[in-house]
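Pasted below: target-v1.txt, compact mmCIF, N, CA and C atoms.
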```
# COMPACT_ATOMS: atom_id res chain seq x y z
N MET A 1192 13.77 1.13 -10.35
CA MET A 1192 12.40 1.36 -10.75
C MET A 1192 12.17 2.86 -10.87
N ASP A 1193 11.47 3.27 -11.90
CA ASP A 1193 11.16 4.67 -12.12
C ASP A 1193 9.99 5.08 -11.23
N MET A 1194 10.26 5.98 -10.30
CA MET A 1194 9.24 6.40 -9.35
C MET A 1194 8.52 7.67 -9.81
N THR A 1195 8.87 8.20 -10.99
CA THR A 1195 8.30 9.45 -11.46
C THR A 1195 6.78 9.43 -11.43
N TYR A 1196 6.18 8.36 -11.89
CA TYR A 1196 4.72 8.27 -11.92
C TYR A 1196 4.13 8.38 -10.52
N TYR A 1197 4.73 7.72 -9.58
CA TYR A 1197 4.21 7.69 -8.22
C TYR A 1197 4.39 9.03 -7.50
N ASP A 1198 5.44 9.77 -7.86
CA ASP A 1198 5.75 11.04 -7.19
C ASP A 1198 5.24 12.25 -7.95
N HIS A 1199 4.58 12.05 -9.06
CA HIS A 1199 4.14 13.16 -9.91
C HIS A 1199 2.89 13.83 -9.35
N GLY A 1200 2.83 15.15 -9.47
CA GLY A 1200 1.62 15.89 -9.12
C GLY A 1200 1.65 16.50 -7.73
N THR A 1201 0.56 17.16 -7.43
CA THR A 1201 0.41 17.80 -6.13
C THR A 1201 0.17 16.73 -5.06
N PRO A 1202 0.34 17.09 -3.80
CA PRO A 1202 0.02 16.12 -2.75
C PRO A 1202 -1.41 15.60 -2.85
N ALA A 1203 -2.35 16.46 -3.19
CA ALA A 1203 -3.75 16.01 -3.33
C ALA A 1203 -3.90 15.00 -4.46
N GLU A 1204 -3.22 15.24 -5.59
CA GLU A 1204 -3.28 14.29 -6.71
C GLU A 1204 -2.62 12.97 -6.35
N ARG A 1205 -1.53 13.05 -5.64
CA ARG A 1205 -0.83 11.82 -5.23
C ARG A 1205 -1.67 11.03 -4.23
N TRP A 1206 -2.35 11.74 -3.33
CA TRP A 1206 -3.24 11.09 -2.37
C TRP A 1206 -4.35 10.36 -3.12
N GLU A 1207 -4.95 11.03 -4.09
CA GLU A 1207 -6.03 10.43 -4.87
C GLU A 1207 -5.54 9.20 -5.64
N ARG A 1208 -4.35 9.29 -6.23
CA ARG A 1208 -3.77 8.17 -6.97
C ARG A 1208 -3.53 6.99 -6.02
N ALA A 1209 -3.00 7.27 -4.85
CA ALA A 1209 -2.75 6.21 -3.86
C ALA A 1209 -4.05 5.55 -3.44
N ARG A 1210 -5.10 6.35 -3.22
CA ARG A 1210 -6.41 5.79 -2.85
C ARG A 1210 -6.96 4.89 -3.96
N MET A 1211 -6.76 5.31 -5.21
CA MET A 1211 -7.24 4.48 -6.33
C MET A 1211 -6.51 3.14 -6.35
N PHE A 1212 -5.19 3.16 -6.16
CA PHE A 1212 -4.43 1.90 -6.12
C PHE A 1212 -4.92 1.04 -4.96
N PHE A 1213 -5.10 1.66 -3.80
CA PHE A 1213 -5.53 0.91 -2.62
C PHE A 1213 -6.91 0.30 -2.86
N ASP A 1214 -7.83 1.11 -3.37
CA ASP A 1214 -9.19 0.61 -3.62
C ASP A 1214 -9.21 -0.51 -4.65
N ALA A 1215 -8.23 -0.48 -5.57
CA ALA A 1215 -8.11 -1.53 -6.59
C ALA A 1215 -7.34 -2.74 -6.06
N LYS A 1216 -6.97 -2.69 -4.78
CA LYS A 1216 -6.23 -3.77 -4.10
C LYS A 1216 -4.82 -3.96 -4.66
N ASP A 1217 -4.26 -2.90 -5.26
CA ASP A 1217 -2.86 -2.91 -5.70
C ASP A 1217 -2.07 -2.23 -4.59
N TYR A 1218 -1.89 -2.96 -3.50
CA TYR A 1218 -1.33 -2.40 -2.28
C TYR A 1218 0.13 -1.99 -2.43
N ALA A 1219 0.90 -2.74 -3.21
CA ALA A 1219 2.30 -2.38 -3.41
C ALA A 1219 2.40 -1.05 -4.16
N ALA A 1220 1.56 -0.84 -5.18
CA ALA A 1220 1.57 0.44 -5.91
C ALA A 1220 1.09 1.57 -5.00
N ALA A 1221 0.09 1.30 -4.19
CA ALA A 1221 -0.38 2.32 -3.24
C ALA A 1221 0.76 2.72 -2.30
N ALA A 1222 1.50 1.75 -1.82
CA ALA A 1222 2.63 2.04 -0.92
C ALA A 1222 3.69 2.88 -1.63
N ARG A 1223 3.97 2.57 -2.89
CA ARG A 1223 4.95 3.36 -3.64
C ARG A 1223 4.47 4.80 -3.79
N ALA A 1224 3.20 4.98 -4.07
CA ALA A 1224 2.65 6.33 -4.22
C ALA A 1224 2.65 7.08 -2.89
N LEU A 1225 2.40 6.38 -1.81
CA LEU A 1225 2.30 7.03 -0.50
C LEU A 1225 3.64 7.30 0.15
N ASP A 1226 4.64 6.52 -0.18
CA ASP A 1226 5.94 6.67 0.47
C ASP A 1226 6.48 8.09 0.33
N GLY A 1227 6.50 8.60 -0.89
CA GLY A 1227 6.97 9.96 -1.11
C GLY A 1227 6.05 11.00 -0.51
N LEU A 1228 4.76 10.74 -0.55
CA LEU A 1228 3.78 11.67 0.02
C LEU A 1228 3.97 11.80 1.52
N VAL A 1229 4.16 10.68 2.20
CA VAL A 1229 4.37 10.71 3.65
C VAL A 1229 5.66 11.45 3.98
N ALA A 1230 6.68 11.29 3.15
CA ALA A 1230 7.93 12.02 3.37
C ALA A 1230 7.70 13.53 3.21
N GLN A 1231 6.81 13.90 2.30
CA GLN A 1231 6.53 15.31 2.04
C GLN A 1231 5.64 15.93 3.12
N VAL A 1232 4.69 15.16 3.64
CA VAL A 1232 3.77 15.67 4.66
C VAL A 1232 3.77 14.73 5.88
N PRO A 1233 4.91 14.61 6.56
CA PRO A 1233 5.05 13.62 7.63
C PRO A 1233 4.11 13.84 8.80
N GLU A 1234 3.61 15.06 8.97
CA GLU A 1234 2.75 15.35 10.11
C GLU A 1234 1.32 14.87 9.92
N GLN A 1235 0.94 14.53 8.69
CA GLN A 1235 -0.43 14.11 8.41
C GLN A 1235 -0.63 12.63 8.70
N THR A 1236 -1.64 12.34 9.51
CA THR A 1236 -1.91 10.96 9.93
C THR A 1236 -2.53 10.13 8.81
N GLY A 1237 -3.45 10.70 8.04
CA GLY A 1237 -4.17 9.95 7.01
C GLY A 1237 -3.27 9.22 6.02
N PRO A 1238 -2.34 9.93 5.37
CA PRO A 1238 -1.44 9.24 4.44
C PRO A 1238 -0.58 8.17 5.11
N ARG A 1239 -0.13 8.45 6.32
CA ARG A 1239 0.72 7.47 7.03
C ARG A 1239 -0.08 6.22 7.38
N LEU A 1240 -1.33 6.39 7.81
CA LEU A 1240 -2.17 5.23 8.11
C LEU A 1240 -2.46 4.41 6.85
N LEU A 1241 -2.73 5.09 5.75
CA LEU A 1241 -2.98 4.35 4.50
C LEU A 1241 -1.71 3.66 4.03
N LEU A 1242 -0.55 4.29 4.23
CA LEU A 1242 0.72 3.64 3.90
C LEU A 1242 0.89 2.38 4.75
N ALA A 1243 0.61 2.48 6.04
CA ALA A 1243 0.71 1.32 6.92
C ALA A 1243 -0.24 0.21 6.47
N ARG A 1244 -1.47 0.58 6.12
CA ARG A 1244 -2.43 -0.41 5.63
C ARG A 1244 -1.95 -1.05 4.33
N SER A 1245 -1.36 -0.25 3.45
CA SER A 1245 -0.84 -0.78 2.19
C SER A 1245 0.29 -1.77 2.45
N TYR A 1246 1.18 -1.41 3.37
CA TYR A 1246 2.25 -2.33 3.74
C TYR A 1246 1.68 -3.61 4.34
N TYR A 1247 0.70 -3.48 5.23
CA TYR A 1247 0.09 -4.64 5.88
C TYR A 1247 -0.50 -5.58 4.83
N HIS A 1248 -1.28 -5.03 3.92
CA HIS A 1248 -1.95 -5.87 2.92
C HIS A 1248 -1.00 -6.43 1.88
N SER A 1249 0.19 -5.85 1.74
CA SER A 1249 1.18 -6.40 0.81
C SER A 1249 2.26 -7.18 1.57
N ALA A 1250 1.94 -7.54 2.81
CA ALA A 1250 2.79 -8.39 3.65
C ALA A 1250 4.16 -7.78 3.93
N GLN A 1251 4.23 -6.47 3.95
CA GLN A 1251 5.46 -5.77 4.36
C GLN A 1251 5.25 -5.35 5.83
N LEU A 1252 5.25 -6.37 6.69
CA LEU A 1252 4.79 -6.18 8.06
C LEU A 1252 5.72 -5.32 8.91
N ARG A 1253 7.00 -5.42 8.72
CA ARG A 1253 7.93 -4.59 9.50
C ARG A 1253 7.74 -3.11 9.14
N ARG A 1254 7.55 -2.84 7.86
CA ARG A 1254 7.31 -1.46 7.44
C ARG A 1254 5.99 -0.95 7.99
N ALA A 1255 4.95 -1.80 7.95
CA ALA A 1255 3.65 -1.41 8.52
C ALA A 1255 3.81 -1.08 10.00
N GLU A 1256 4.50 -1.94 10.70
CA GLU A 1256 4.72 -1.73 12.13
C GLU A 1256 5.43 -0.40 12.39
N ALA A 1257 6.46 -0.10 11.61
CA ALA A 1257 7.21 1.15 11.80
C ALA A 1257 6.32 2.37 11.62
N GLU A 1258 5.49 2.37 10.59
CA GLU A 1258 4.59 3.50 10.34
C GLU A 1258 3.56 3.62 11.45
N LEU A 1259 3.02 2.50 11.88
CA LEU A 1259 2.00 2.52 12.93
C LEU A 1259 2.57 2.99 14.26
N ARG A 1260 3.80 2.62 14.54
CA ARG A 1260 4.43 3.07 15.79
C ARG A 1260 4.62 4.59 15.77
N ILE A 1261 4.92 5.15 14.62
CA ILE A 1261 5.03 6.61 14.52
C ILE A 1261 3.69 7.27 14.82
N VAL A 1262 2.62 6.73 14.25
CA VAL A 1262 1.28 7.29 14.49
C VAL A 1262 0.93 7.21 15.97
N VAL A 1263 1.15 6.05 16.58
CA VAL A 1263 0.81 5.84 17.99
C VAL A 1263 1.66 6.72 18.90
N GLU A 1264 2.91 6.92 18.53
CA GLU A 1264 3.78 7.78 19.33
C GLU A 1264 3.27 9.22 19.31
N ARG A 1265 2.84 9.67 18.14
CA ARG A 1265 2.34 11.04 18.00
C ARG A 1265 0.94 11.22 18.57
N ASP A 1266 0.12 10.17 18.48
CA ASP A 1266 -1.27 10.25 18.91
C ASP A 1266 -1.64 8.96 19.63
N PRO A 1267 -1.32 8.85 20.92
CA PRO A 1267 -1.51 7.61 21.66
C PRO A 1267 -2.95 7.12 21.72
N VAL A 1268 -3.93 7.98 21.45
CA VAL A 1268 -5.33 7.55 21.51
C VAL A 1268 -5.91 7.29 20.12
N GLU A 1269 -5.05 7.16 19.11
CA GLU A 1269 -5.51 6.84 17.75
C GLU A 1269 -5.91 5.36 17.73
N HIS A 1270 -7.21 5.12 17.90
CA HIS A 1270 -7.75 3.77 18.05
C HIS A 1270 -7.38 2.86 16.87
N TYR A 1271 -7.60 3.34 15.65
CA TYR A 1271 -7.38 2.48 14.48
C TYR A 1271 -5.91 2.09 14.34
N ALA A 1272 -5.01 3.02 14.64
CA ALA A 1272 -3.58 2.71 14.57
C ALA A 1272 -3.22 1.62 15.59
N ARG A 1273 -3.80 1.70 16.78
CA ARG A 1273 -3.57 0.66 17.80
C ARG A 1273 -4.08 -0.69 17.33
N LEU A 1274 -5.28 -0.70 16.75
CA LEU A 1274 -5.86 -1.94 16.24
C LEU A 1274 -4.98 -2.53 15.14
N MET A 1275 -4.58 -1.69 14.19
CA MET A 1275 -3.73 -2.16 13.09
C MET A 1275 -2.37 -2.64 13.60
N LEU A 1276 -1.82 -1.94 14.58
CA LEU A 1276 -0.54 -2.36 15.15
C LEU A 1276 -0.69 -3.73 15.79
N GLY A 1277 -1.78 -3.93 16.52
CA GLY A 1277 -2.03 -5.24 17.12
C GLY A 1277 -2.14 -6.34 16.07
N ARG A 1278 -2.88 -6.07 15.00
CA ARG A 1278 -3.04 -7.06 13.92
C ARG A 1278 -1.71 -7.33 13.22
N THR A 1279 -0.93 -6.29 13.04
CA THR A 1279 0.39 -6.43 12.38
C THR A 1279 1.31 -7.28 13.24
N LEU A 1280 1.31 -7.03 14.54
CA LEU A 1280 2.15 -7.83 15.44
C LEU A 1280 1.68 -9.28 15.48
N GLU A 1281 0.35 -9.49 15.44
CA GLU A 1281 -0.19 -10.85 15.39
C GLU A 1281 0.34 -11.60 14.18
N ARG A 1282 0.30 -10.96 13.02
CA ARG A 1282 0.75 -11.61 11.79
C ARG A 1282 2.24 -11.93 11.82
N GLN A 1283 2.98 -11.24 12.69
CA GLN A 1283 4.40 -11.51 12.85
C GLN A 1283 4.66 -12.54 13.94
N GLY A 1284 3.59 -13.08 14.54
CA GLY A 1284 3.74 -14.09 15.57
C GLY A 1284 4.15 -13.51 16.92
N ARG A 1285 3.90 -12.24 17.13
CA ARG A 1285 4.28 -11.57 18.37
C ARG A 1285 3.01 -11.31 19.19
N GLN A 1286 2.39 -12.40 19.63
CA GLN A 1286 1.06 -12.35 20.24
C GLN A 1286 1.00 -11.53 21.52
N GLU A 1287 2.00 -11.66 22.37
CA GLU A 1287 1.96 -10.92 23.64
C GLU A 1287 1.95 -9.41 23.39
N GLU A 1288 2.81 -8.95 22.48
CA GLU A 1288 2.82 -7.53 22.13
C GLU A 1288 1.51 -7.13 21.45
N ALA A 1289 1.01 -8.01 20.61
CA ALA A 1289 -0.25 -7.75 19.91
C ALA A 1289 -1.40 -7.60 20.90
N ASP A 1290 -1.46 -8.50 21.86
CA ASP A 1290 -2.55 -8.46 22.84
C ASP A 1290 -2.59 -7.13 23.59
N ALA A 1291 -1.42 -6.61 23.95
CA ALA A 1291 -1.37 -5.33 24.65
C ALA A 1291 -1.97 -4.22 23.79
N GLN A 1292 -1.60 -4.18 22.51
CA GLN A 1292 -2.12 -3.14 21.61
C GLN A 1292 -3.62 -3.32 21.37
N LEU A 1293 -4.06 -4.56 21.24
CA LEU A 1293 -5.48 -4.83 21.00
C LEU A 1293 -6.33 -4.47 22.21
N ARG A 1294 -5.79 -4.69 23.42
CA ARG A 1294 -6.51 -4.28 24.64
C ARG A 1294 -6.67 -2.77 24.68
N ILE A 1295 -5.60 -2.05 24.35
CA ILE A 1295 -5.67 -0.58 24.34
C ILE A 1295 -6.68 -0.12 23.28
N ALA A 1296 -6.64 -0.73 22.11
CA ALA A 1296 -7.59 -0.37 21.04
C ALA A 1296 -9.03 -0.59 21.50
N SER A 1297 -9.28 -1.71 22.18
CA SER A 1297 -10.63 -1.99 22.69
C SER A 1297 -11.06 -0.95 23.70
N ALA A 1298 -10.16 -0.59 24.58
CA ALA A 1298 -10.49 0.42 25.59
C ALA A 1298 -10.78 1.77 24.93
N LEU A 1299 -9.98 2.15 23.96
CA LEU A 1299 -10.19 3.42 23.26
C LEU A 1299 -11.49 3.42 22.49
N ALA A 1300 -11.93 2.25 22.04
CA ALA A 1300 -13.19 2.14 21.30
C ALA A 1300 -14.38 2.08 22.25
N GLY A 1301 -14.11 1.99 23.56
CA GLY A 1301 -15.18 1.91 24.53
C GLY A 1301 -15.68 0.51 24.79
N ASP A 1302 -14.91 -0.48 24.33
CA ASP A 1302 -15.29 -1.88 24.52
C ASP A 1302 -14.54 -2.41 25.75
N PHE A 1303 -15.15 -2.24 26.92
CA PHE A 1303 -14.50 -2.61 28.16
C PHE A 1303 -14.81 -4.04 28.59
N ALA A 1304 -15.67 -4.74 27.84
CA ALA A 1304 -16.08 -6.09 28.22
C ALA A 1304 -14.90 -7.06 28.28
N GLU A 1305 -13.93 -6.89 27.39
CA GLU A 1305 -12.80 -7.81 27.33
C GLU A 1305 -11.74 -7.51 28.40
N LEU A 1306 -11.81 -6.36 29.02
CA LEU A 1306 -10.81 -5.97 30.00
C LEU A 1306 -11.21 -6.55 31.29
```
Would you mind writing the file out in structure tokens?
Amino acid sequence: MDMTYYDHGTPAERWERARMFFDAKDYAAAARALDGLVAQVPEQTGPRLLLARSYYHSAQLRRAEAELRIVVERDPVEHYARLMLGRTLERQGRQEEADAQLRIASALAGDFAEL
């Protein structure tokens, strides 16, 4: 597959293109656009989270999990990454692991009622 279109332009242009694909619910195209961008700016959380969301919505759950684990490792209090990781693990039938992540996400969000 020719990736030139997905990798063309500045990081800001590629980010905008990926957001347009995501907003149009073309999650696989968004993931293709974000993959190279994340490789170029690996320290940025935003593109990596959107890549994980794109993988999640296109049922590439192992890839979503891998990206989310990187975010959580770098920023253990990233609430949304914990929530998404929990949901991703749930969709893989890994409920016990999912529950642990969802409890942490709830605590980080200040929702202590479930604990």
- Message: I want to know what sits within 8 Å of stretch 1212-1220 of chain A, based on only N, CA and C atoms, with residues of the same chain fewer than 4 positions away left out; could you give that as a VMD selection string?
- Response: chain A and resid 1197 1206 to 1208 1224 to 1226 1244 to 1250
List as a PDB file with N, CA and C atoms, in the coordinates of the input the protein and nucleic acid residues near A:Leu1280, meaning an atom at most 8 Å away when all atoms listed in the file are counted, but skip any in the same chain fewer than 3 places from it.
```
ATOM      1  N   LEU A1252       5.250  -6.370   6.690  1.00  0.00           N
ATOM      2  CA  LEU A1252       4.790  -6.180   8.060  1.00  0.00           C
ATOM      3  C   LEU A1252       5.720  -5.320   8.910  1.00  0.00           C
ATOM      4  N   ALA A1255       4.950  -1.800   7.950  1.00  0.00           N
ATOM      5  CA  ALA A1255       3.650  -1.410   8.520  1.00  0.00           C
ATOM      6  C   ALA A1255       3.810  -1.080  10.000  1.00  0.00           C
ATOM      7  N   GLU A1256       4.500  -1.940  10.700  1.00  0.00           N
ATOM      8  CA  GLU A1256       4.720  -1.730  12.130  1.00  0.00           C
ATOM      9  C   GLU A1256       5.430  -0.400  12.390  1.00  0.00           C
ATOM     10  N   LEU A1274      -5.280  -0.700  16.750  1.00  0.00           N
ATOM     11  CA  LEU A1274      -5.860  -1.940  16.240  1.00  0.00           C
ATOM     12  C   LEU A1274      -4.980  -2.530  15.140  1.00  0.00           C
ATOM     13  N   MET A1275      -4.580  -1.690  14.190  1.00  0.00           N
ATOM     14  CA  MET A1275      -3.730  -2.160  13.090  1.00  0.00           C
ATOM     15  C   MET A1275      -2.370  -2.640  13.600  1.00  0.00           C
ATOM     16  N   LEU A1276      -1.820  -1.940  14.580  1.00  0.00           N
ATOM     17  CA  LEU A1276      -0.540  -2.360  15.150  1.00  0.00           C
ATOM     18  C   LEU A1276      -0.690  -3.730  15.790  1.00  0.00           C
ATOM     19  N   GLY A1277      -1.780  -3.930  16.520  1.00  0.00           N
ATOM     20  CA  GLY A1277      -2.030  -5.240  17.120  1.00  0.00           C
ATOM     21  C   GLY A1277      -2.140  -6.340  16.070  1.00  0.00           C
ATOM     22  N   GLN A1283       2.980 -11.240  12.690  1.00  0.00           N
ATOM     23  CA  GLN A1283       4.400 -11.510  12.850  1.00  0.00           C
ATOM     24  C   GLN A1283       4.660 -12.540  13.940  1.00  0.00           C
ATOM     25  N   GLY A1284       3.590 -13.080  14.540  1.00  0.00           N
ATOM     26  CA  GLY A1284       3.740 -14.090  15.570  1.00  0.00           C
ATOM     27  C   GLY A1284       4.150 -13.510  16.920  1.00  0.00           C
ATOM     28  N   ARG A1285       3.900 -12.240  17.130  1.00  0.00           N
ATOM     29  CA  ARG A1285       4.280 -11.570  18.370  1.00  0.00           C
ATOM     30  C   ARG A1285       3.010 -11.310  19.190  1.00  0.00           C
ATOM     31  N   GLN A1286       2.390 -12.400  19.630  1.00  0.00           N
ATOM     32  CA  GLN A1286       1.060 -12.350  20.240  1.00  0.00           C
ATOM     33  C   GLN A1286       1.000 -11.530  21.520  1.00  0.00           C
ATOM     34  N   GLU A1287       2.000 -11.660  22.370  1.00  0.00           N
ATOM     35  CA  GLU A1287       1.960 -10.920  23.640  1.00  0.00           C
ATOM     36  C   GLU A1287       1.950  -9.410  23.390  1.00  0.00           C
ATOM     37  N   GLU A1288       2.810  -8.950  22.480  1.00  0.00           N
ATOM     38  CA  GLU A1288       2.820  -7.530  22.130  1.00  0.00           C
ATOM     39  C   GLU A1288       1.510  -7.130  21.450  1.00  0.00           C
ATOM     40  N   ALA A1289       1.010  -8.010  20.610  1.00  0.00           N
ATOM     41  CA  ALA A1289      -0.250  -7.750  19.910  1.00  0.00           C
ATOM     42  C   ALA A1289      -1.400  -7.600  20.900  1.00  0.00           C
ATOM     43  N   ASP A1290      -1.460  -8.500  21.860  1.00  0.00           N
ATOM     44  CA  ASP A1290      -2.550  -8.460  22.840  1.00  0.00           C
ATOM     45  C   ASP A1290      -2.590  -7.130  23.590  1.00  0.00           C
TER      46      ASP A1290
END
```
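Between atom N of A:Leu1228 and atom CA of A:Ala1257 the separation is 15.8 Å.
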- DSSP on the backbone: what in chain A comes out alpha helix (DSSP H), as an MDAnalysis selection string? chainID A and resid 1195:1198 1202:1214 1218:1231 1236:1248 1252:1265 1270:1282 1286:1299
- Message: Just want the 8 Å neighbourhood of A:Leu1299, counted on all atoms listed in the file, with same-chain residues fewer than 6 positions away dropped. Output as a PyMOL selection string.
- Response: chain A and resi 1268-1271+1293
- Between atom CA of A:Arg1223 and atom CA of A:Ala1243, distance in Å (one decimal):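 Atom-to-atom, atom CA of A:Arg1223 and atom CA of A:Ala1243 are spaced 11.6 Å apart.
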- Message: To one decimal place in Å, what is the distance between atom N of A:Asp1302 and atom C of A:Ala1272?
- Response: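 Straight-line distance from atom N of A:Asp1302 to atom C of A:Ala1272 works out to 14.7 Å.
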